[in-house]
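Okay, structure first, notes after.
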Amino acid sequence: MNNVFNNLTDSLSAEFKNFDLDEVVHFSLSKLTDYDLQINNLVKYNKARYFNELQENIIKKINSSEIFQTVDESNLGFLNLSLNHNFLMKQITNTQNDFKHNKSHKIIFDYGGPNIGKPLHVGHMRTLNIGRSLYNIHSFIGNEVISDIHLGDWGMPIAQIITYLESKNIDIKILDSSQLEIIYPKASEMYKNNLEFRDRAQVINKLLNNNDKNLLQIWESIKKISIASLEENFKILNHNFDYWLGESDVNDLIPGMIEDLIKNNKVVDDEGALISVEDTDPKILITKSDGSYLYITTDLATILYRQNNIGYDKTLYIVDNRQSLHFKQLFSSLKFFNFNDLDHEHIAYGTLNDSKGNPFKTRDGGTKPLRELFNETYIYIEKINNSLDHSTISKLTNSVLTYSDLITNRKTDYKFDLEKFTNVNGKTGIYVQYSQVRARKLLGNSESQNSEVTELILNDTDKQLLSRLFLFGYFLEQSASLNEPHHLANYLYEISNLFNQFYENEKISDINDPQHVSSKLFITNLFLTTSNSVMSCLGITPVDKM
RNA sequence: GCUCUCGUAGCUCAAAUGGAUAGAGCAACAGACUUCUAAUCUGUAGGUUAUAGGUUCGAGUCCUAUCGAGAGCGCCA
């Protein structure tokens, strides 16, 4: 919540303390339509002797704060509150300034995770959208944020590609990214079906681990081509990363790490492989029997790298649901191995499917490149309104791809339905963009009349919108503390919808009283600011016109 | 076989830390445009929260069982 509210809840918690009750007071949205917020902490004490006295003290404190206009008490102990608009209009701006807090945390966002040699495909969309949004949200509330793409640039997949190039006698220098990208599926299939190929790939993998000069050169070329292609895609999709660290960057740390684990009796030999001695079921495999490394080996080394070179309070791994066992093992291992005592959290999300609930595929059954989904969406929007310029359609396309993803709780699987998500009505990226364009235009038209607001003149529609705008902090906090952007995405729809009602309800150009006009413009302005703040938290760029 | 996640309106989803009468959006039906952009707004209808028990002042939310769906389960990442 905004600091205005937080100061009050702190002092209300203190009231409970006076009666020896350990209650952290917090607001919920009111269930009663005439009120904005409610406090439920009192309910469980409604049979206590001191109930009336406690409730009275609480109400007294609330009244002295001026934040609320009315307080409605029920004999059950629910307190319903309606916001004091004329007071809050001077307190709340819904910009970043409202949410700065003292104890900032340094958080690493580990997301994206593309592999070199493979195209960015629809499977990457959710980690990119959720990762970017959480990064922006935490940045907005004043945390120190660092994103790391966690590039898959090492291990068997790379060895497979190189083996393929070798077997077909292809010179890497003449390849571009699109040619490179069709090689991986072929190499992967040969690895599965061709024993000779498989043996050679494993040899190459080992040689790479031993820094074979020739192979490293080929590897570097592959990496260079891939990164250029990724950067091009990210430019279109509006993604940025602070660090482009890959698995290869931590490779050198692994031998020493393993040595220490052996020395400290944290791992033991098991048919040539190393397993953790931690009592878990299943047992945690740290290295393979041929001595080569696994997913968890590099992830552990990455943690060492980050704690030594970057430093952090918390790391969020924005990765698919299906990898929850891996993260359970990773987090448990890093404690068991005494690496550090910092926070690590797996921000899991469900699978993205097509509109029928099936895995996203291209027409010929391959994995669908993200770029292709972007293009299809772009064309669809262009058909609806072909008078828009390229940059605007691109922004709208990204809005659709982002908003449709974030409107759903990240934990569940979701279906991407192009027709539904480009609809102008409903909870779509298009609708929220349209609403803020309307507001922008309105303010542009009325610029000359914009004067200082001293007192708000509000009808019911105005009040509803304004109340919701003042509650931005409530939804921001919910999204930030649960790392769930959908609370803010839904909030953006709510305020957009309320703004459209406000817009249709009373024409500003028909109002003569300058006080009344300023009041309307104040609300419009606050809506626009709020909409922009939420969009920035979600990773959506507002368009100027549409 | 073992472990985890989930089951809410015809469809897609909300309801954070247990709180009052479970909310939205689509689709359906009925309305409002010589417009501050109708790419909008208004209204109607739609529910035994999978089922059966339990915990308590109070359960969609916590516990147990059953049914159903999905995912994962040491040498891929």
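Identifiers in this document derive from the order of the structure tokens: chains are assigned A, B, ..., residues are numbered from 1 separately in each chain, and ligands are numbered from 1 in order of occurrence.
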
What's the 8 Å shell around range 52-69 of chain B, counting only C-alpha atoms (C1' of nucleotides), without same-chain residues fewer than 5 positions away, as a list in words?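 Skipping anything fewer than 5 positions along the chain leaves Lys44 of chain A; C6, G7, U8, G18, G19 and A22 of chain B.
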
Go ahead and save the residues from that selection, with N, CA and C atoms (P, O5', C5', C4', C3', O3' and C1' of nucleotides), as a PDB file, in the first residue's frame.
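So selection-v6.pdb came out as:
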```pdb
ATOM      1  N   LYS A  44     -12.600 -11.787  15.156  1.00  0.00           N
ATOM      2  CA  LYS A  44     -12.409 -12.955  16.014  1.00  0.00           C
ATOM      3  C   LYS A  44     -12.457 -12.607  17.505  1.00  0.00           C
TER       4      LYS A  44
ATOM      5  P     C B   6      -2.701 -26.246  -6.068  1.00  0.00           P
ATOM      6  O5'   C B   6      -3.788 -26.625  -7.166  1.00  0.00           O
ATOM      7  C5'   C B   6      -4.043 -25.746  -8.246  1.00  0.00           C
ATOM      8  C4'   C B   6      -4.817 -26.449  -9.324  1.00  0.00           C
ATOM      9  C3'   C B   6      -6.284 -26.743  -9.028  1.00  0.00           C
ATOM     10  O3'   C B   6      -7.090 -25.603  -9.196  1.00  0.00           O
ATOM     11  C1'   C B   6      -5.294 -28.623 -10.063  1.00  0.00           C
ATOM     12  P     G B   7      -8.508 -25.495  -8.383  1.00  0.00           P
ATOM     13  O5'   G B   7      -9.451 -26.434  -9.257  1.00  0.00           O
ATOM     14  C5'   G B   7      -9.681 -26.141 -10.633  1.00  0.00           C
ATOM     15  C4'   G B   7     -10.639 -27.158 -11.215  1.00  0.00           C
ATOM     16  C3'   G B   7     -12.045 -27.108 -10.619  1.00  0.00           C
ATOM     17  O3'   G B   7     -13.006 -27.370 -11.633  1.00  0.00           O
ATOM     18  C1'   G B   7     -11.114 -29.260 -10.292  1.00  0.00           C
ATOM     19  P     U B   8     -13.578 -26.139 -12.455  1.00  0.00           P
ATOM     20  O5'   U B   8     -14.242 -25.253 -11.331  1.00  0.00           O
ATOM     21  C5'   U B   8     -15.418 -25.696 -10.656  1.00  0.00           C
ATOM     22  C4'   U B   8     -16.121 -24.525 -10.040  1.00  0.00           C
ATOM     23  C3'   U B   8     -16.670 -23.508 -11.023  1.00  0.00           C
ATOM     24  O3'   U B   8     -17.917 -23.916 -11.546  1.00  0.00           O
ATOM     25  C1'   U B   8     -15.492 -22.380  -9.318  1.00  0.00           C
ATOM     26  P     G B  18      -5.189 -17.325   6.600  1.00  0.00           P
ATOM     27  O5'   G B  18      -6.369 -16.947   5.609  1.00  0.00           O
ATOM     28  C5'   G B  18      -6.812 -17.861   4.646  1.00  0.00           C
ATOM     29  C4'   G B  18      -8.303 -17.997   4.734  1.00  0.00           C
ATOM     30  C3'   G B  18      -9.040 -16.732   5.114  1.00  0.00           C
ATOM     31  O3'   G B  18     -10.182 -16.641   4.293  1.00  0.00           O
ATOM     32  C1'   G B  18      -9.668 -18.498   6.530  1.00  0.00           C
ATOM     33  P     G B  19     -10.731 -15.293   3.733  1.00  0.00           P
ATOM     34  O5'   G B  19     -12.224 -15.266   4.237  1.00  0.00           O
ATOM     35  C5'   G B  19     -13.047 -14.205   3.748  1.00  0.00           C
ATOM     36  C4'   G B  19     -14.186 -14.022   4.692  1.00  0.00           C
ATOM     37  C3'   G B  19     -14.639 -12.569   4.729  1.00  0.00           C
ATOM     38  O3'   G B  19     -16.055 -12.549   4.638  1.00  0.00           O
ATOM     39  C1'   G B  19     -14.243 -13.367   6.918  1.00  0.00           C
ATOM     40  P     A B  22     -22.926 -15.511  -2.182  1.00  0.00           P
ATOM     41  O5'   A B  22     -21.709 -15.018  -3.096  1.00  0.00           O
ATOM     42  C5'   A B  22     -20.606 -14.317  -2.547  1.00  0.00           C
ATOM     43  C4'   A B  22     -19.402 -14.515  -3.425  1.00  0.00           C
ATOM     44  C3'   A B  22     -19.652 -14.293  -4.917  1.00  0.00           C
ATOM     45  O3'   A B  22     -19.467 -12.931  -5.233  1.00  0.00           O
ATOM     46  C1'   A B  22     -18.508 -16.334  -4.595  1.00  0.00           C
TER      47        A B  22
END
```

Against chain B, which residues of chain A fall within 7 Å? For each one I want the closest pair of atoms and the distance in Å (one decimal), counting only C-alpha atoms (C1' of nucleotides), rows by chain and increasing residue number, as a Markdown table.
```
| residue | atom | partner | partner_atom | distance |
| --- | --- | --- | --- | --- |
| A:Asn40 | CA | B:G19 | C1' | 6.7 |
| A:Lys283 | CA | B:G74 | C1' | 6.4 |
| A:Ile284 | CA | B:G74 | C1' | 6.2 |
| A:Leu285 | CA | B:G74 | C1' | 4.8 |
| A:Lys288 | CA | B:C75 | C1' | 4.6 |
| A:Ser289 | CA | B:C75 | C1' | 6.2 |
| A:Tyr295 | CA | B:A77 | C1' | 6.0 |
| A:Arg322 | CA | B:A71 | C1' | 6.1 |
| A:Thr408 | CA | B:C13 | C1' | 6.7 |
| A:Val424 | CA | B:A39 | C1' | 5.3 |
| A:Gly426 | CA | B:G25 | C1' | 5.2 |
| A:Lys427 | CA | B:G25 | C1' | 5.9 |
| A:Leu442 | CA | B:C36 | C1' | 6.2 |
| A:Gln478 | CA | B:A16 | C1' | 6.3 |
| A:Leu482 | CA | B:A16 | C1' | 6.9 |
| A:Gln501 | CA | B:C41 | C1' | 6.5 |
| A:Glu504 | CA | B:C41 | C1' | 6.4 |
| A:Lys507 | CA | B:C36 | C1' | 6.4 |
| A:Ile508 | CA | B:C36 | C1' | 6.5 |
| A:Ser509 | CA | B:C36 | C1' | 5.7 |
```

Test item: residues at most 9 Å from Asp22 in chain A, only C-alpha atoms (C1' of nucleotides), excluding those fewer than 6 positions along its chain, as a PyMOL selection string: chain A and resi 13-14+16

Run DSSP on the backbone and tell me which residues of range 329-436 of chain A come out as strand (DSSP E); list them as a PyMOL selection string. chain A and resi 343-349+352-353+414-415

Would you list the contacts of Leu492 in chain A as a ChimeraX atom specification, taking every protein, DNA or RNA residue within 12 Å and counting only C-alpha atoms (C1' of nucleotides), but skipping same-chain residues closer than 5 positions in sequence? /A:403,406-407,426-433,435-436,465,468-469,471-472,475-476,485-487,497-499,527-538,540

Written selection (C-alpha atoms) as a PDB file, in the first residue's frame:
```pdb
ATOM      1  CA  TYR A 403      -1.448  -8.639 -21.363  1.00  0.00           C
ATOM      2  CA  LEU A 406      -0.360 -11.700 -17.431  1.00  0.00           C
ATOM      3  CA  ILE A 407      -4.131 -11.500 -16.963  1.00  0.00           C
ATOM      4  CA  GLY A 426     -13.049  -7.488 -22.608  1.00  0.00           C
ATOM      5  CA  LYS A 427      -9.849  -7.925 -20.688  1.00  0.00           C
ATOM      6  CA  THR A 428      -7.424  -7.348 -23.509  1.00  0.00           C
ATOM      7  CA  GLY A 429      -4.306  -5.352 -24.237  1.00  0.00           C
ATOM      8  CA  ILE A 430      -6.257  -3.483 -26.893  1.00  0.00           C
ATOM      9  CA  TYR A 431      -8.968  -2.345 -24.483  1.00  0.00           C
ATOM     10  CA  VAL A 432      -6.565  -0.978 -21.887  1.00  0.00           C
ATOM     11  CA  GLN A 433      -4.599   0.826 -24.581  1.00  0.00           C
ATOM     12  CA  SER A 435      -8.787   3.648 -22.647  1.00  0.00           C
ATOM     13  CA  GLN A 436      -5.559   5.468 -21.988  1.00  0.00           C
ATOM     14  CA  LEU A 465     -13.144   5.550 -10.420  1.00  0.00           C
ATOM     15  CA  ARG A 468     -10.104   2.569  -7.384  1.00  0.00           C
ATOM     16  CA  LEU A 469      -7.278   4.828  -8.460  1.00  0.00           C
ATOM     17  CA  LEU A 471      -6.124   1.775  -4.261  1.00  0.00           C
ATOM     18  CA  PHE A 472      -3.339   1.194  -6.770  1.00  0.00           C
ATOM     19  CA  PHE A 475      -2.901  -4.280  -5.953  1.00  0.00           C
ATOM     20  CA  LEU A 476       0.743  -3.372  -6.386  1.00  0.00           C
ATOM     21  CA  PRO A 485       1.412  -9.858 -11.995  1.00  0.00           C
ATOM     22  CA  HIS A 486      -2.204 -10.831 -12.690  1.00  0.00           C
ATOM     23  CA  HIS A 487      -3.500  -8.774  -9.751  1.00  0.00           C
ATOM     24  CA  ASN A 497     -13.472   0.087 -17.514  1.00  0.00           C
ATOM     25  CA  LEU A 498     -14.338   2.604 -14.811  1.00  0.00           C
ATOM     26  CA  PHE A 499     -12.677   5.319 -16.832  1.00  0.00           C
ATOM     27  CA  PHE A 527      -6.187   7.777 -14.363  1.00  0.00           C
ATOM     28  CA  LEU A 528      -3.617   8.370 -17.072  1.00  0.00           C
ATOM     29  CA  THR A 529      -0.746   8.424 -14.597  1.00  0.00           C
ATOM     30  CA  THR A 530      -1.998   5.273 -12.941  1.00  0.00           C
ATOM     31  CA  SER A 531      -2.569   3.488 -16.210  1.00  0.00           C
ATOM     32  CA  ASN A 532       0.964   4.353 -17.285  1.00  0.00           C
ATOM     33  CA  SER A 533       2.392   3.161 -13.981  1.00  0.00           C
ATOM     34  CA  VAL A 534       0.562  -0.154 -14.177  1.00  0.00           C
ATOM     35  CA  MET A 535       1.517  -0.626 -17.814  1.00  0.00           C
ATOM     36  CA  SER A 536       5.121   0.000 -16.957  1.00  0.00           C
ATOM     37  CA  CYS A 537       4.877  -2.587 -14.182  1.00  0.00           C
ATOM     38  CA  LEU A 538       3.447  -5.092 -16.625  1.00  0.00           C
ATOM     39  CA  ILE A 540       3.494  -2.690 -21.747  1.00  0.00           C
TER      40      ILE A 540
END
```

Would you mind telling me which residue in A:Asn143, A:Phe502, A:Thr392, A:Ser481 lies nearest to Thr541 in chain A when using only C-alpha atoms? A:Thr392

Would you list, as a PyMOL selection string, the residues of range 43-258 of chain A that end up in helix (DSSP H, G or I) under DSSP run on this structure's backbone? chain A and resi 43-45+51-65+85-88+96-99+122-140+156-167+172-174+177-193+195-209+213-237+247-258

Using only C-alpha atoms, find the one residue out of A:Leu32, A:Leu396, A:Val203, A:Ile130 that sits nearest to Gly350 in chain A. A:Ile130

Closest of A:Lys118, A:Lys263, A:His390, A:Arg371 to Phe337 in chain A, counting only C-alpha atoms, is A:Lys263

With only C-alpha atoms as the basis for distance, which of A:Asn512, A:Leu330, A:Leu521, A:Lys31 is at the shortest distance from Val453 in chain A?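 Closest candidate: A:Leu521.
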
For His150 in chain A, which of A:Glu271, A:Asp299, A:Glu166, A:Glu56 is the closest residue, counting only C-alpha atoms? A:Asp299
